[in-house]
Amino acid sequence: MQAAGLNLVLFEYTTSRTQGVPLRLLESYRDFVMTNAYAAYHCLALQPCVERLACIAHALRRFVNV
């Protein structure tokens with residue numbers, strides 16, 4: 001995340017794994033979001049002006065296994 005020329009990283013611990021958590025944390029965020037394939041993150045792709053990117057590490061594992 002970038003604001004006023006600064007790079008920011010957000011970490012927040014929660015015991016919930018529901019889609020409400022990423023929606024709450026990123027409700028006003030408009031940019032790219034990289035996630036793994038966990039179903040709770042699918043809702044982010046439906047948000048206006050948010051582009052969801054897949055985690056390349058998970059994709060590369062499949063190629064290494066082949």
# chains A, B, ... in the order shown; residues from 1 in each chain; ligands from 1
call {"tool": "select_by_dssp", "arguments": {"residues": "stretch 2-57 of chain A", "states": "strand (DSSP E or B)", "output": "list of chain:residue names"}}
result
A:Gln2, A:Ala3, A:Leu6, A:Asn7, A:Phe32, A:Val33, A:Met34, A:Thr35, A:Glu51, A:Arg52, A:Leu53, A:Ala54
call {"tool": "residues_around", "arguments": {"residues": "stretch 21-33 of chain A", "least_positions_apart": "3", "cutoff": "6 Å", "atoms": "only C-alpha atoms", "output": "PyMOL selection string"}}
result
chain A and resi 49-53
call {"tool": "write_last_selection", "arguments": {"atoms": "N, CA and C atoms", "output": "compact mmCIF listing (two decimals), in the first residue's frame"}}
result
# COMPACT_ATOMS: atom_id res chain seq x y z
N CYS A 49 -12.75 -0.90 -8.10
CA CYS A 49 -11.38 -0.38 -8.19
C CYS A 49 -10.35 -1.22 -7.43
N VAL A 50 -10.65 -2.49 -7.19
CA VAL A 50 -9.69 -3.40 -6.57
C VAL A 50 -9.38 -4.52 -7.56
N GLU A 51 -8.11 -4.72 -7.82
CA GLU A 51 -7.68 -5.79 -8.71
C GLU A 51 -6.98 -6.84 -7.86
N ARG A 52 -7.52 -8.04 -7.86
CA ARG A 52 -6.96 -9.12 -7.06
C ARG A 52 -5.90 -9.86 -7.86
N LEU A 53 -4.73 -10.03 -7.27
CA LEU A 53 -3.62 -10.74 -7.89
C LEU A 53 -3.44 -12.08 -7.19
call {"tool": "select_by_dssp", "arguments": {"residues": "chain A", "states": "helix (DSSP H, G or I)", "output": "PyMOL selection string"}}
result
chain A and resi 20-25+39-46+56-65
call {"tool": "residues_around", "arguments": {"residues": "A:Arg17", "least_positions_apart": "3", "cutoff": "10 Å", "atoms": "only C-alpha atoms", "output": "list in words"}}
result
Thr14, Gly20, Val21, Pro22, Tyr38, Ala39, Ala40 and Tyr41 of chain A
call {"tool": "closest_residue", "arguments": {"among": "A:Thr18, A:Gly5, A:Phe11, A:Phe63", "to": "A:Cys43", "atoms": "only C-alpha atoms"}}
result
A:Thr18
call {"tool": "closest_residue", "arguments": {"among": "A:His58, A:Leu6, A:Leu46, A:Met34", "to": "A:Gln19", "atoms": "only C-alpha atoms"}}
result
A:Leu46
